[in-house]
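Source file: run-v8.cif (mmCIF, C-alpha atoms)
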```cif
data_input
loop_
_atom_site.label_atom_id
_atom_site.label_comp_id
_atom_site.auth_asym_id
_atom_site.auth_seq_id
_atom_site.Cartn_x
_atom_site.Cartn_y
_atom_site.Cartn_z
CA MET F 432 83.70 60.53 59.53
CA MET F 433 85.93 63.57 60.02
CA LYS F 434 89.05 61.57 59.19
CA THR F 435 87.45 60.23 55.98
CA ILE F 436 86.52 63.74 54.86
CA GLN F 437 90.01 65.06 55.49
CA ASN F 438 91.56 62.28 53.40
CA GLU F 439 89.22 62.77 50.46
CA PRO F 440 90.46 64.78 47.44
CA ALA F 441 89.31 68.39 47.26
CA THR F 442 86.41 67.77 44.87
CA PRO F 443 83.61 70.34 44.42
CA ALA F 444 81.26 68.07 46.39
CA LEU F 445 83.72 67.89 49.26
CA LEU F 446 84.17 71.68 49.26
CA ASP F 447 80.41 72.09 49.39
CA ARG F 448 80.25 69.76 52.39
CA ARG F 449 83.04 71.67 54.14
CA ASP F 450 81.29 74.99 53.47
CA GLU F 451 78.09 73.48 54.86
CA ARG F 452 79.98 72.43 58.03
CA VAL F 453 81.39 75.97 58.42
CA ARG F 454 77.93 77.47 57.98
CA HIS F 455 76.58 74.99 60.51
CA ASP F 456 79.26 76.03 62.98
CA ASP F 457 78.24 79.67 62.48
CA SER F 458 74.62 78.88 63.34
CA PHE F 459 73.15 79.30 66.79
CA ALA F 460 73.37 75.57 67.53
CA GLY F 461 76.97 75.54 66.37
CA SER F 462 77.79 78.49 68.61
CA VAL F 463 76.24 76.71 71.57
CA ARG F 464 78.25 73.56 70.84
CA ALA F 465 81.45 75.58 70.48
CA PHE F 466 80.74 77.32 73.79
CA TRP F 467 80.13 73.97 75.51
CA ASP F 468 83.34 72.55 74.03
CA ARG F 469 85.31 75.48 75.45
CA ILE F 470 83.77 74.93 78.87
CA ARG F 471 84.59 71.20 78.81
CA SER F 472 88.18 71.93 77.79
CA GLY F 473 88.67 74.31 80.73
CA ASP F 474 88.37 77.61 78.84
CA LEU F 475 85.89 79.11 81.31
CA GLY F 476 86.61 82.77 80.70
CA SER F 477 84.50 85.06 82.89
CA LEU F 478 81.65 82.58 83.32
CA PRO F 479 82.41 81.55 86.96
CA VAL F 480 82.64 85.12 88.23
CA ILE F 481 79.48 86.17 86.39
CA VAL F 482 77.57 83.24 87.87
CA GLY F 483 78.99 84.01 91.32
CA LEU F 484 78.08 87.68 91.00
CA ALA F 485 74.51 86.78 90.04
CA ILE F 486 74.23 84.55 93.12
CA ILE F 487 75.65 87.23 95.43
CA TRP F 488 73.31 89.90 94.11
CA THR F 489 70.29 87.61 94.33
CA VAL F 490 71.01 86.68 97.94
CA PHE F 491 71.68 90.23 99.15
CA GLN F 492 68.72 91.66 97.26
CA ALA F 493 66.45 89.08 98.86
CA LEU F 494 67.80 89.96 102.31
CA ASN F 495 67.71 93.74 101.79
CA PRO F 496 65.80 95.37 98.87
CA VAL F 497 68.02 98.46 99.14
CA PHE F 498 71.03 96.53 97.86
CA LEU F 499 70.27 96.91 94.14
CA SER F 500 68.84 100.40 94.46
CA SER F 501 70.40 102.92 92.10
CA ALA F 502 71.76 105.00 95.00
CA ASN F 503 73.58 102.05 96.56
CA LEU F 504 74.96 100.92 93.20
CA VAL F 505 76.37 104.40 92.55
CA ASN F 506 78.14 104.33 95.90
CA MET F 507 79.52 100.90 95.03
CA LEU F 508 80.93 102.23 91.78
CA PHE F 509 82.72 105.03 93.63
CA ASP F 510 84.23 102.52 96.06
CA CYS F 511 85.18 100.04 93.33
CA SER F 512 87.32 102.50 91.43
CA THR F 513 90.21 102.99 93.86
CA VAL F 514 91.11 99.37 94.62
CA GLY F 515 90.04 98.37 91.12
CA VAL F 516 92.82 100.43 89.56
CA ILE F 517 95.33 98.78 91.91
CA SER F 518 93.94 95.36 90.98
CA LEU F 519 94.46 96.17 87.31
CA GLY F 520 98.18 96.37 88.03
CA ILE F 521 98.02 93.03 89.83
CA VAL F 522 96.58 91.50 86.66
CA CYS F 523 99.70 92.59 84.77
CA ILE F 524 102.12 91.06 87.26
CA LEU F 525 100.12 87.83 87.62
CA ILE F 526 100.05 87.30 83.85
CA VAL F 527 103.86 86.97 83.83
CA GLY F 528 103.64 84.56 86.76
CA GLU F 529 104.94 86.91 89.47
CA ILE F 530 103.37 88.78 92.41
CA ASP F 531 103.58 92.21 94.03
CA LEU F 532 102.75 92.25 97.74
CA SER F 533 103.52 95.95 98.19
CA VAL F 534 100.73 97.50 96.11
CA GLY F 535 98.85 98.57 99.24
CA SER F 536 101.91 100.31 100.69
CA VAL F 537 102.75 101.92 97.34
CA SER F 538 99.21 103.27 97.06
CA GLY F 539 99.34 104.63 100.62
CA PHE F 540 102.76 106.22 99.98
CA ALA F 541 101.44 107.83 96.78
CA SER F 542 98.47 109.31 98.64
CA ALA F 543 100.82 110.63 101.33
CA LEU F 544 103.11 112.19 98.72
CA THR F 545 100.13 113.86 97.08
CA GLY F 546 99.09 115.41 100.39
CA VAL F 547 102.62 116.51 101.33
CA PHE F 548 103.46 118.07 97.95
CA TRP F 549 100.05 119.66 97.42
CA VAL F 550 99.06 120.84 100.90
CA ASN F 551 102.32 121.16 102.83
CA GLN F 552 104.66 122.23 100.03
CA GLY F 553 102.14 124.24 98.02
CA TRP F 554 102.70 122.47 94.73
CA PRO F 555 99.99 122.61 92.04
CA VAL F 556 97.77 119.57 92.41
CA VAL F 557 98.63 118.26 88.94
CA LEU F 558 102.36 118.30 89.70
CA ALA F 559 101.78 116.63 93.06
CA VAL F 560 99.82 113.82 91.39
CA LEU F 561 102.44 113.38 88.67
CA ALA F 562 105.22 113.25 91.27
CA ALA F 563 103.40 110.51 93.18
CA MET F 564 102.95 108.49 89.98
CA ILE F 565 106.62 108.92 89.02
CA VAL F 566 107.62 107.57 92.43
CA GLY F 567 105.46 104.54 91.68
CA VAL F 568 107.36 104.02 88.42
CA LEU F 569 110.68 104.24 90.30
CA ILE F 570 109.55 101.64 92.85
CA GLY F 571 108.47 99.27 90.09
CA SER F 572 111.80 99.82 88.31
CA LEU F 573 113.65 98.88 91.50
CA TYR F 574 111.68 95.63 91.77
CA ALA F 575 112.45 94.86 88.13
CA PHE F 576 116.16 95.52 88.68
CA LEU F 577 116.31 93.21 91.70
CA PHE F 578 114.43 90.51 89.79
CA ASN F 579 116.35 90.70 86.50
CA ARG F 580 119.82 91.48 87.85
CA PHE F 581 119.98 89.39 91.02
CA GLY F 582 117.15 86.91 90.48
CA MET F 583 115.47 87.97 93.71
CA PRO F 584 112.03 86.32 93.91
CA SER F 585 109.23 88.83 93.51
CA PHE F 586 107.61 87.54 96.68
CA VAL F 587 110.69 88.54 98.71
CA SER F 588 111.48 91.83 96.99
CA THR F 589 107.93 93.15 97.15
CA LEU F 590 107.48 91.95 100.73
CA SER F 591 110.60 93.95 101.60
CA GLY F 592 109.16 96.84 99.65
CA LEU F 593 105.91 96.60 101.58
CA LEU F 594 107.75 97.24 104.84
CA ALA F 595 110.15 99.86 103.47
CA VAL F 596 107.49 101.89 101.65
CA LEU F 597 105.17 101.74 104.64
CA GLY F 598 108.00 103.16 106.76
CA LEU F 599 108.48 105.98 104.23
CA GLN F 600 104.77 106.73 104.36
CA LEU F 601 104.81 107.04 108.15
CA TYR F 602 107.98 109.15 108.01
CA ILE F 603 106.77 111.80 105.55
CA LEU F 604 103.40 112.17 107.28
CA GLY F 605 105.18 112.96 110.54
CA ALA F 606 103.66 113.19 114.00
CA THR F 607 100.26 114.40 112.80
CA GLY F 608 99.72 111.20 110.84
CA SER F 609 97.27 112.69 108.34
CA ILE F 610 96.79 115.56 105.91
CA ASN F 611 93.34 116.82 104.98
CA LEU F 612 92.94 117.65 101.30
CA PRO F 613 91.10 120.88 100.41
CA TYR F 614 87.37 120.37 100.07
CA GLY F 615 86.02 121.94 96.93
CA SER F 616 89.15 121.16 94.93
CA TRP F 617 88.63 119.38 91.64
CA LEU F 618 90.53 116.31 92.81
CA VAL F 619 88.34 115.80 95.88
CA ASN F 620 85.20 116.56 93.87
CA PHE F 621 86.35 114.00 91.30
CA GLY F 622 86.65 111.36 94.00
CA GLN F 623 83.42 112.14 95.85
CA ILE F 624 80.71 113.85 93.82
CA MET F 625 81.52 114.25 90.12
CA VAL F 626 79.20 112.17 87.92
CA MET F 627 78.56 112.11 84.20
CA PRO F 628 75.69 114.15 82.80
CA ASP F 629 72.96 111.85 81.52
CA PRO F 630 73.53 112.56 77.78
CA VAL F 631 77.28 111.98 78.17
CA ALA F 632 76.69 108.64 79.88
CA TYR F 633 74.34 107.47 77.11
CA LEU F 634 76.77 108.67 74.43
CA LEU F 635 79.75 106.88 75.98
CA VAL F 636 77.76 103.65 76.21
CA ALA F 637 76.84 103.96 72.54
CA VAL F 638 80.49 104.56 71.63
CA ALA F 639 81.48 101.48 73.64
CA GLY F 640 78.89 99.40 71.77
CA PHE F 641 80.18 100.64 68.42
CA ALA F 642 83.78 99.93 69.44
CA PHE F 643 82.78 96.39 70.42
CA PHE F 644 81.13 95.81 67.03
CA PHE F 645 84.07 97.30 65.14
CA ALA F 646 86.62 95.15 66.99
CA SER F 647 84.52 92.01 66.48
CA TYR F 648 84.04 92.82 62.80
CA ARG F 649 87.79 93.27 62.24
CA THR F 650 88.49 89.95 63.96
CA ALA F 651 85.89 88.20 61.80
CA ALA F 652 87.30 89.82 58.66
CA ARG F 653 90.82 88.61 59.47
CA ARG F 654 89.53 85.09 60.08
CA ARG F 655 87.68 85.08 56.73
CA ALA F 656 90.81 86.35 54.98
CA ALA F 657 92.76 83.46 56.53
CA GLY F 658 90.19 80.94 55.32
CA LEU F 659 88.81 80.25 58.81
CA SER F 660 85.20 80.15 59.93
CA SER F 661 83.89 83.41 61.34
CA LYS F 662 80.70 84.87 62.69
CA SER F 663 78.35 86.59 60.27
CA VAL F 664 78.08 90.37 60.21
CA GLY F 665 74.42 90.12 61.14
CA GLY F 666 75.22 88.02 64.19
CA LEU F 667 77.92 90.42 65.31
CA LEU F 668 75.61 93.38 64.84
CA LEU F 669 72.82 91.70 66.81
CA ARG F 670 75.22 90.90 69.65
CA ALA F 671 76.53 94.47 69.72
CA VAL F 672 72.99 95.89 69.75
CA ILE F 673 71.95 93.64 72.65
CA ILE F 674 75.02 94.57 74.70
CA THR F 675 74.56 98.28 73.94
CA LEU F 676 70.89 98.24 74.92
CA ALA F 677 71.69 96.38 78.14
CA LEU F 678 74.37 98.93 79.07
CA GLU F 679 72.04 101.81 78.16
CA ALA F 680 69.44 100.32 80.52
CA VAL F 681 72.06 100.16 83.29
CA ALA F 682 73.05 103.78 82.63
CA PHE F 683 69.39 104.82 82.72
CA TYR F 684 68.87 103.04 86.03
CA LEU F 685 71.96 104.62 87.61
CA ASN F 686 70.87 108.03 86.36
CA GLN F 687 67.75 107.72 88.48
CA SER F 688 70.09 108.47 91.38
CA ARG F 689 73.30 110.49 91.10
CA GLY F 690 74.53 108.94 87.86
CA ILE F 691 77.71 107.19 86.75
CA PRO F 692 80.80 108.50 88.61
CA TRP F 693 83.54 109.96 86.48
CA MET F 694 86.05 108.10 88.65
CA PHE F 695 84.45 104.79 87.67
CA GLY F 696 84.50 105.94 84.06
CA LEU F 697 88.26 106.50 84.40
CA PHE F 698 88.64 103.00 85.84
CA VAL F 699 86.67 101.43 82.98
CA GLY F 700 88.70 103.45 80.48
CA LEU F 701 91.93 102.12 81.98
CA VAL F 702 90.52 98.58 81.83
CA ALA F 703 89.60 99.00 78.14
CA ALA F 704 93.02 100.46 77.32
CA MET F 705 94.79 97.64 79.18
CA ASN F 706 92.60 95.04 77.47
CA TYR F 707 93.60 96.46 74.08
CA ALA F 708 97.27 96.43 75.06
CA LEU F 709 97.13 92.84 76.32
CA THR F 710 95.18 91.43 73.37
CA ARG F 711 96.08 93.59 70.36
CA THR F 712 99.74 94.52 70.78
CA LYS F 713 103.05 92.71 70.57
CA TRP F 714 103.70 93.68 74.20
CA GLY F 715 100.52 91.98 75.35
CA ARG F 716 101.21 88.80 73.42
CA SER F 717 104.72 88.76 74.85
CA MET F 718 103.32 89.16 78.37
CA HIS F 719 101.17 86.06 77.97
CA ALA F 720 103.99 84.14 76.31
CA VAL F 721 106.44 84.88 79.13
CA GLY F 722 103.88 83.92 81.76
CA GLY F 723 103.02 80.71 79.92
CA ASN F 724 106.58 79.49 79.34
CA ARG F 725 109.52 81.77 80.04
CA GLU F 726 112.14 79.65 78.27
CA ALA F 727 110.02 79.16 75.17
CA ALA F 728 109.38 82.90 75.05
CA ARG F 729 113.12 83.60 75.31
CA ARG F 730 113.94 81.18 72.52
CA SER F 731 111.29 82.77 70.30
CA GLY F 732 113.15 86.08 70.48
CA ILE F 733 111.19 87.89 73.19
CA ASN F 734 113.19 90.16 75.48
CA VAL F 735 112.08 88.44 78.67
CA SER F 736 113.83 90.86 81.04
CA ARG F 737 112.14 93.83 79.40
CA ILE F 738 108.73 92.20 79.65
CA TYR F 739 109.22 91.49 83.35
CA ALA F 740 110.37 95.07 83.90
CA SER F 741 107.29 96.46 82.15
CA ALA F 742 105.02 94.29 84.31
CA PHE F 743 106.61 95.45 87.58
CA VAL F 744 106.56 99.10 86.51
CA MET F 745 102.96 98.95 85.32
CA CYS F 746 101.85 97.30 88.55
CA ALA F 747 103.53 99.92 90.75
CA LEU F 748 102.31 102.80 88.55
CA LEU F 749 98.70 101.65 88.77
CA ALA F 750 99.10 101.12 92.52
CA ALA F 751 100.26 104.74 92.88
CA THR F 752 97.36 105.90 90.70
CA GLY F 753 94.93 104.00 92.90
CA GLY F 754 96.49 105.66 95.95
CA VAL F 755 95.87 109.11 94.48
CA LEU F 756 92.26 108.19 93.73
CA SER F 757 91.88 106.84 97.28
CA ALA F 758 93.11 110.15 98.69
CA ALA F 759 90.59 111.96 96.51
CA ARG F 760 87.81 109.62 97.63
CA LEU F 761 88.56 110.11 101.36
CA ALA F 762 89.73 113.75 101.06
CA THR F 763 92.70 112.86 103.24
CA ALA F 764 96.13 111.26 103.20
CA SER F 765 96.72 109.31 106.39
CA GLN F 766 98.83 106.57 107.91
CA GLN F 767 95.95 104.13 107.42
CA ALA F 768 95.90 104.65 103.64
CA GLY F 769 96.89 101.50 101.79
CA THR F 770 96.88 99.36 104.94
CA GLY F 771 94.26 96.91 106.17
CA ASP F 772 92.71 94.84 103.43
CA VAL F 773 93.76 96.97 100.42
CA ASN F 774 96.57 94.58 99.50
CA LEU F 775 94.46 91.46 99.85
CA ASN F 776 91.43 92.92 98.09
CA ALA F 777 93.51 94.04 95.10
CA ILE F 778 95.08 90.60 94.69
CA ALA F 779 91.82 88.77 95.43
CA ALA F 780 89.93 90.86 92.86
CA ALA F 781 92.33 89.89 90.08
CA VAL F 782 92.18 86.19 90.98
CA ILE F 783 88.42 86.10 91.57
CA GLY F 784 87.93 87.91 88.25
CA GLY F 785 89.65 85.08 86.40
CA THR F 786 93.39 85.86 86.22
CA SER F 787 95.39 82.69 86.73
CA LEU F 788 97.88 82.42 89.56
CA PHE F 789 99.94 80.12 87.35
CA GLY F 790 100.70 82.86 84.83
CA GLY F 791 100.02 83.14 81.11
CA ARG F 792 96.25 83.67 81.38
CA GLY F 793 94.35 86.75 82.42
CA SER F 794 92.29 89.66 81.24
CA ALA F 795 92.05 93.31 82.16
CA TYR F 796 88.35 92.75 82.76
CA SER F 797 89.31 90.41 85.60
CA ALA F 798 90.03 93.47 87.75
CA LEU F 799 86.65 95.00 86.90
CA LEU F 800 84.61 91.87 87.59
CA GLY F 801 86.62 90.85 90.64
CA ILE F 802 86.41 94.19 92.43
CA ILE F 803 82.65 94.35 91.78
CA VAL F 804 82.31 90.95 93.48
CA ILE F 805 84.36 92.04 96.49
CA GLN F 806 82.62 95.40 96.82
CA SER F 807 79.22 93.74 96.46
CA ILE F 808 80.02 91.49 99.42
CA ALA F 809 81.20 94.47 101.48
CA SER F 810 78.17 96.59 100.60
CA GLY F 811 75.69 93.78 101.21
CA LEU F 812 77.08 92.96 104.64
CA THR F 813 77.16 96.64 105.56
CA LEU F 814 73.49 97.04 104.67
CA LEU F 815 72.70 93.99 106.81
CA ASP F 816 74.66 95.59 109.68
CA LEU F 817 76.92 92.56 110.02
CA SER F 818 80.48 92.63 111.29
CA SER F 819 83.52 92.97 109.07
CA SER F 820 84.68 89.55 110.26
CA LEU F 821 82.02 87.96 108.05
CA ARG F 822 83.23 90.01 105.09
CA TYR F 823 86.75 88.65 105.52
CA MET F 824 85.50 85.09 105.85
CA ILE F 825 83.16 85.30 102.84
CA THR F 826 85.77 87.02 100.68
CA GLY F 827 88.30 84.38 101.68
CA ALA F 828 85.87 81.60 100.78
CA VAL F 829 85.13 83.19 97.40
CA LEU F 830 88.87 83.53 96.74
CA ALA F 831 89.44 79.88 97.65
CA VAL F 832 86.67 78.79 95.29
CA ALA F 833 88.15 80.94 92.51
CA VAL F 834 91.59 79.34 92.94
CA ILE F 835 90.06 75.84 92.98
CA VAL F 836 88.14 76.59 89.77
CA ASP F 837 91.32 77.95 88.19
CA SER F 838 93.28 74.83 89.16
CA LEU F 839 90.60 72.47 87.85
CA ALA F 840 90.28 74.46 84.63
CA ARG F 841 94.05 74.31 84.16
CA ARG F 842 94.01 70.52 84.57
CA SER F 843 91.22 70.29 82.01
CA ARG F 844 93.13 72.48 79.55
CA ILE F 845 96.22 70.27 79.97
CA SER F 846 94.22 67.09 79.37
CA HIS F 847 92.69 68.63 76.24
CA GLY F 848 96.03 69.98 75.00
CA ARG F 849 95.01 73.63 75.42
CA ALA F 850 97.22 74.66 78.36
#
```
Output the structure of this file as structure tokens.
Amino acid sequence: MMKTIQNEPATPALLDRRDERVRHDDSFAGSVRAFWDRIRSGDLGSLPVIVGLAIIWTVFQALNPVFLSSANLVNMLFDCSTVGVISLGIVCILIVGEIDLSVGSVSGFASALTGVFWVNQGWPVVLAVLAAMIVGVLIGSLYAFLFNRFGMPSFVSTLSGLLAVLGLQLYILGATGSINLPYGSWLVNFGQIMVMPDPVAYLLVAVAGFAFFFASYRTAARRRAAGLSSKSVGGLLLRAVIITLALEAVAFYLNQSRGIPWMFGLFVGLVAAMNYALTRTKWGRSMHAVGGNREAARRSGINVSRIYASAFVMCALLAATGGVLSAARLATASQQAGTGDVNLNAIAAAVIGGTSLFGGRGSAYSALLGIIVIQSIASGLTLLDLSSSLRYMITGAVLAVAVIVDSLARRSRISHGRA
């Protein structure tokens, strides 16, 4: 039937039938069918992680009613922010099909530099933080140089960096091994106790809802201008209102305890900014193009070396930023900062959140969703007074499932011609 319609001349009756089909596609039933078609073709988006998160929360809430209490959720948001920022950098490097194994060491080195410059050298805290972030940029630039100039695999260069940067961290901390940051300083307060006033939280949620509607409306307008089907303004407005009300309810619930941490607000702001950069800018489109097919991107005129360099630098910069936030959260810079499971959690969060290990596909929101999953597992097991060994095993199993889902979705996209 579709082939017959396409071969018919563009008569008024045919145009009416085509308009009717477009309107049908914009209906609720059409939206459901389009959503199901995307799922069948392997375009899963964030659906697997949302389903997994719902299962995790249901299980832990059934085992311990304190899990979803507002106080515990606020603590989870504080803990999510530090590794979440590091994971956001991992999203960037995975999109171009590479990896950075040194983000944990870079974050620990940045926290150590902050303590040394601020406490030992007497620098203003702002300059100490900026110096740590600049060092992160320099480390990322070195990785990019080794990759672009010598073709050194990112796995090898960043593994070498992991060891070298860890050695630098131990060296600058000296025999004491740790530096306590001043309690009462704004940086420590930011990492431990600063939360948004209730009116500010509600206002920011409302602004986010308006921004969502505005972005969706502009996309729909561009599709209509191009002669493509698009969602109605009423449907977009209804969706924005539902999302805004849901987020306002979450903000109200969190405000029953301490409120929404400013540090988590910073993390979400970075996620939103990165999402805009990856989806609305030439740089973001080039990132996905290089990760999808490097040679095709080069032939289309993209400066591939520059894109790789930006990915390495952004990853290291965000790792250093996460290290500074970790120092603020713990009020100390120590030899243990950035070690342990920081590296694995940052990478696992990006993959669990939906960023593909094969390159070319990923979203900034992967870091947000993924780190919430990992921190939910950690918090739930802690409340049940279970050993950390179970946390490693469960997190590893969730990561394995995420990679399997990604692989199966990629096969489905290839079979449907959407890879």
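Our summary of the geometry notes that atom CA of Phe548 of chain F is positioned 11.3 Å from atom CA of Ala764 of chain F.
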Starting from the displayed file, determine the output of the PyMOL selection byres ((chain F and resi 647) around 12) and express the residue list as an MDAnalysis selection string. chainID F and resid 640:646 648:654 661:671
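The protein and nucleic acid residues lying at most 10 Å from segment 817-831 of chain F are Val480, Gly483, Asp772, Leu775, Asn776, Ile778, Ala779, Ala780, Ala781, Val782, Ile783, Gly784, Gly801, Val804, Ile805, Gln806, Ile808, Ala809, Ser810, Gly811 and Asp837 of chain F, with only C-alpha atoms considered and sequence neighbours fewer than 6 positions away removed.
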For this structure, which residues satisfy the selection - the PyMOL selection byres ((chain F and resi 613-619) around 9) - when it is evaluated on the file as given? I want them as a compact mmCIF listing (two decimals) with C-alpha atoms, in the frame of the given file.
```
# COMPACT_ATOMS: atom_id res chain seq x y z
CA VAL F 550 99.06 120.84 100.90
CA VAL F 556 97.77 119.57 92.41
CA ASN F 611 93.34 116.82 104.98
CA LEU F 612 92.94 117.65 101.30
CA ASN F 620 85.20 116.56 93.87
CA PHE F 621 86.35 114.00 91.30
CA GLY F 622 86.65 111.36 94.00
CA GLN F 623 83.42 112.14 95.85
CA ILE F 624 80.71 113.85 93.82
CA MET F 625 81.52 114.25 90.12
CA LEU F 756 92.26 108.19 93.73
CA ALA F 758 93.11 110.15 98.69
CA ALA F 759 90.59 111.96 96.51
CA ARG F 760 87.81 109.62 97.63
CA LEU F 761 88.56 110.11 101.36
CA ALA F 762 89.73 113.75 101.06
CA THR F 763 92.70 112.86 103.24
```
Cut-off 6 Å around (101.8, 83.5, 88.7) with all atoms listed in the file: residues as an mmCIF file with C-alpha atoms, keeping the file's coordinate frame:
```cif
data_model
loop_
_atom_site.group_PDB
_atom_site.id
_atom_site.type_symbol
_atom_site.label_atom_id
_atom_site.label_comp_id
_atom_site.auth_asym_id
_atom_site.auth_seq_id
_atom_site.Cartn_x
_atom_site.Cartn_y
_atom_site.Cartn_z
ATOM 1 C CA LEU F 525 100.120 87.830 87.620
ATOM 2 C CA GLY F 528 103.640 84.560 86.760
ATOM 3 C CA GLU F 529 104.940 86.910 89.470
ATOM 4 C CA LEU F 788 97.880 82.420 89.560
ATOM 5 C CA PHE F 789 99.940 80.120 87.350
ATOM 6 C CA GLY F 790 100.700 82.860 84.830
#
```
Per-residue nearest contacts segment 528-618 of chain F to segment 497-514 of chain F, cut-off 12 Å, using all atoms listed in the file, as CSV:
```
residue,atom,partner,partner_atom,distance
F:Val534,CA,F:Val514,CA,9.9
F:Gly535,CA,F:Val514,CA,9.0
F:Ser538,CA,F:Val514,CA,9.3
F:Gly539,CA,F:Val514,CA,11.5
F:Ser542,CA,F:Thr513,CA,11.4
```
